[in-house]
Amino acid sequence: MADALPTDPSVIRSYAVDTAAFYDRFCGPESHSARIKEAIGELIDRYHLRGLDIFGIGSGASQEEFWLWKLGGNRLTIADIDEHGGIEPSLKVLPPGDLNFHVGDAERFLAGNPTAKYDCIYVSGLTPDEKRRYAILWGPTPPTLLKRIFRRWPKSVDPFHPLVMAAARHLRPGGLLIVQSYAFGINAQRNRNFLPAAARQLSENGMTLIEAHSWVPYRSINLFVGRMNGGPALDLGPALTTFHGRGEPKQPIERTWPR
């Protein structure tokens, strides 16, 4: 599988495979980080992510989504371009089931399925989203010391990639948009315009920014949670103590929104 060629992301190829078999093929439960399990478990409890239809963008082998499925009993739909060609060969031979995996461009898939609706859109370190924020804040070259001192997020610029917002429009009333950002991230405490801009962008798309968190030692690692307007009131569960499971050791976090 490692030698498989990347496929054309403009062509969508869809597979419905057994969820357990998919995860057994790529990384069995024992290989999943206990830290990821802890972090996703807290997200499930905080935002009541149980028994939902969840759409993951650019998830690849979907380690975090594994725990959304395993701990929350959620149903997964994944869209990923499979840029290294390592996933689709397995999808072709796995037994059928309820994991819907679409190989190709997520925005093209959504445009071709305009009536598809989900309870949660889950995005974690989506490369186009991360790179776009980096380019807006720093430009095409690495930030100089002067840039780091004086450059700030422009208040009129949208923080989230159009793909993320296109996916969010497929949320049911009361549905959640969960975005984790950890590569090329933005220090929302230092860039005071960033979270108000995020709240504005979500509002313009019929949503509310309900919470944001950041790691205290590395404030460019963030969690943003928006909610589609409508639906029953959201009764938040226990406060988060972590949200990003890929770092060792566990780092303290701080809620940055609401301020």
# chains A, B, ... in the order shown; residues from 1 in each chain; ligands from 1
$ residues_around --residues "region 203-213 of chain A" --least-positions-apart "2" --cutoff "6 Å" --atoms "only C-alpha atoms" --output "VMD selection string"
chain A and resid 199 to 201 222 to 229 254 to 257
$ closest_residue --among "A:Thr77, A:Ser14, A:Asn187, A:Ser124" --to "Gly104 (chain A)" --atoms "only C-alpha atoms"
A:Ser14
$ residues_around --residues "Gly73 (chain A)" --least-positions-apart "5" --cutoff "8 Å" --atoms "only C-alpha atoms" --output "ChimeraX atom specification"
/A:50-52,68
$ select_by_dssp --residues "region 158-241 of chain A" --states "alpha helix (DSSP H)" --output "JSON, numbers by chain"
{"A": [162, 163, 164, 165, 166, 167, 168, 194, 195, 196, 197, 198, 199, 200, 201, 202, 203, 204]}
$ write_last_selection --atoms "N, CA and C atoms" --output "tab-separated table (two decimals), in the first residue's frame"
chain	number	residue	atom	x	y	z
A	162	PRO	N	-12.76	28.49	3.23
A	162	PRO	CA	-14.08	28.30	2.61
A	162	PRO	C	-14.56	26.86	2.62
A	163	LEU	N	-13.64	25.88	2.53
A	163	LEU	CA	-14.04	24.47	2.60
A	163	LEU	C	-14.71	24.16	3.93
A	164	VAL	N	-14.14	24.68	5.02
A	164	VAL	CA	-14.71	24.43	6.35
A	164	VAL	C	-16.12	25.01	6.43
A	165	MET	N	-16.29	26.21	5.88
A	165	MET	CA	-17.61	26.84	5.94
A	165	MET	C	-18.59	26.14	5.00
A	166	ALA	N	-18.10	25.64	3.87
A	166	ALA	CA	-18.97	24.88	2.98
A	166	ALA	C	-19.49	23.63	3.68
A	167	ALA	N	-18.62	22.99	4.44
A	167	ALA	CA	-19.06	21.82	5.20
A	167	ALA	C	-20.04	22.21	6.29
A	168	ALA	N	-19.79	23.33	6.96
A	168	ALA	CA	-20.66	23.76	8.06
A	168	ALA	C	-22.09	24.00	7.59
A	194	PHE	N	-8.66	38.07	16.26
A	194	PHE	CA	-8.90	36.77	15.62
A	194	PHE	C	-10.24	36.16	16.06
A	195	LEU	N	-10.47	36.04	17.35
A	195	LEU	CA	-11.70	35.40	17.80
A	195	LEU	C	-12.94	36.22	17.47
A	196	PRO	N	-12.93	37.56	17.60
A	196	PRO	CA	-14.08	38.32	17.10
A	196	PRO	C	-14.32	38.10	15.61
A	197	ALA	N	-13.24	37.98	14.83
A	197	ALA	CA	-13.41	37.70	13.40
A	197	ALA	C	-14.03	36.33	13.19
A	198	ALA	N	-13.61	35.34	13.99
A	198	ALA	CA	-14.20	34.01	13.90
A	198	ALA	C	-15.68	34.04	14.25
A	199	ALA	N	-16.03	34.78	15.31
A	199	ALA	CA	-17.44	34.90	15.70
A	199	ALA	C	-18.24	35.57	14.60
A	200	ARG	N	-17.67	36.59	13.98
A	200	ARG	CA	-18.36	37.28	12.88
A	200	ARG	C	-18.57	36.35	11.69
A	201	GLN	N	-17.52	35.62	11.29
A	201	GLN	CA	-17.63	34.72	10.15
A	201	GLN	C	-18.69	33.66	10.39
A	202	LEU	N	-18.68	33.06	11.57
A	202	LEU	CA	-19.69	32.05	11.88
A	202	LEU	C	-21.09	32.65	11.88
A	203	SER	N	-21.22	33.85	12.45
A	203	SER	CA	-22.53	34.51	12.49
A	203	SER	C	-23.07	34.75	11.08
A	204	GLU	N	-22.18	35.14	10.16
A	204	GLU	CA	-22.60	35.38	8.79
A	204	GLU	C	-23.03	34.10	8.09
$ closest_residue --among "A:Asn113, A:Gln180, A:Asn193, A:Thr144" --to "Ser59 (chain A)" --atoms "only C-alpha atoms"
A:Gln180
$ select_by_dssp --residues "region 64-249 of chain A" --states "strand (DSSP E)" --output "number ranges by chain"
A: 75-80, 99-103, 118-124, 171-181, 207-215, 222-228
$ closest_residue --among "A:Asp8, A:Arg132, A:Arg192, A:Ala183" --to "Pro154 (chain A)" --atoms "only C-alpha atoms"
A:Arg192
$ closest_atom_pairs --of "region 57-125 of chain A" --to "region 32-42 of chain A" --cutoff "7 Å" --atoms "only C-alpha atoms" --output "tab-separated table"
residue	atom	partner	partner_atom	distance
A:Gln63	CA	A:His32	CA	6.8
A:Glu64	CA	A:Ile36	CA	6.5
A:Trp67	CA	A:Lys37	CA	6.0
A:Leu68	CA	A:Ile40	CA	6.6
A:Leu71	CA	A:Gly41	CA	6.8
$ write_last_selection --atoms "C-alpha atoms" --output "compact mmCIF listing (two decimals), in the first residue's frame"
# COMPACT_ATOMS: atom_id res chain seq x y z
CA GLN A 63 -7.18 8.36 14.89
CA GLU A 64 -9.29 10.98 16.65
CA TRP A 67 -12.47 7.43 19.59
CA LEU A 68 -15.50 9.46 18.51
CA LEU A 71 -16.50 6.05 22.94
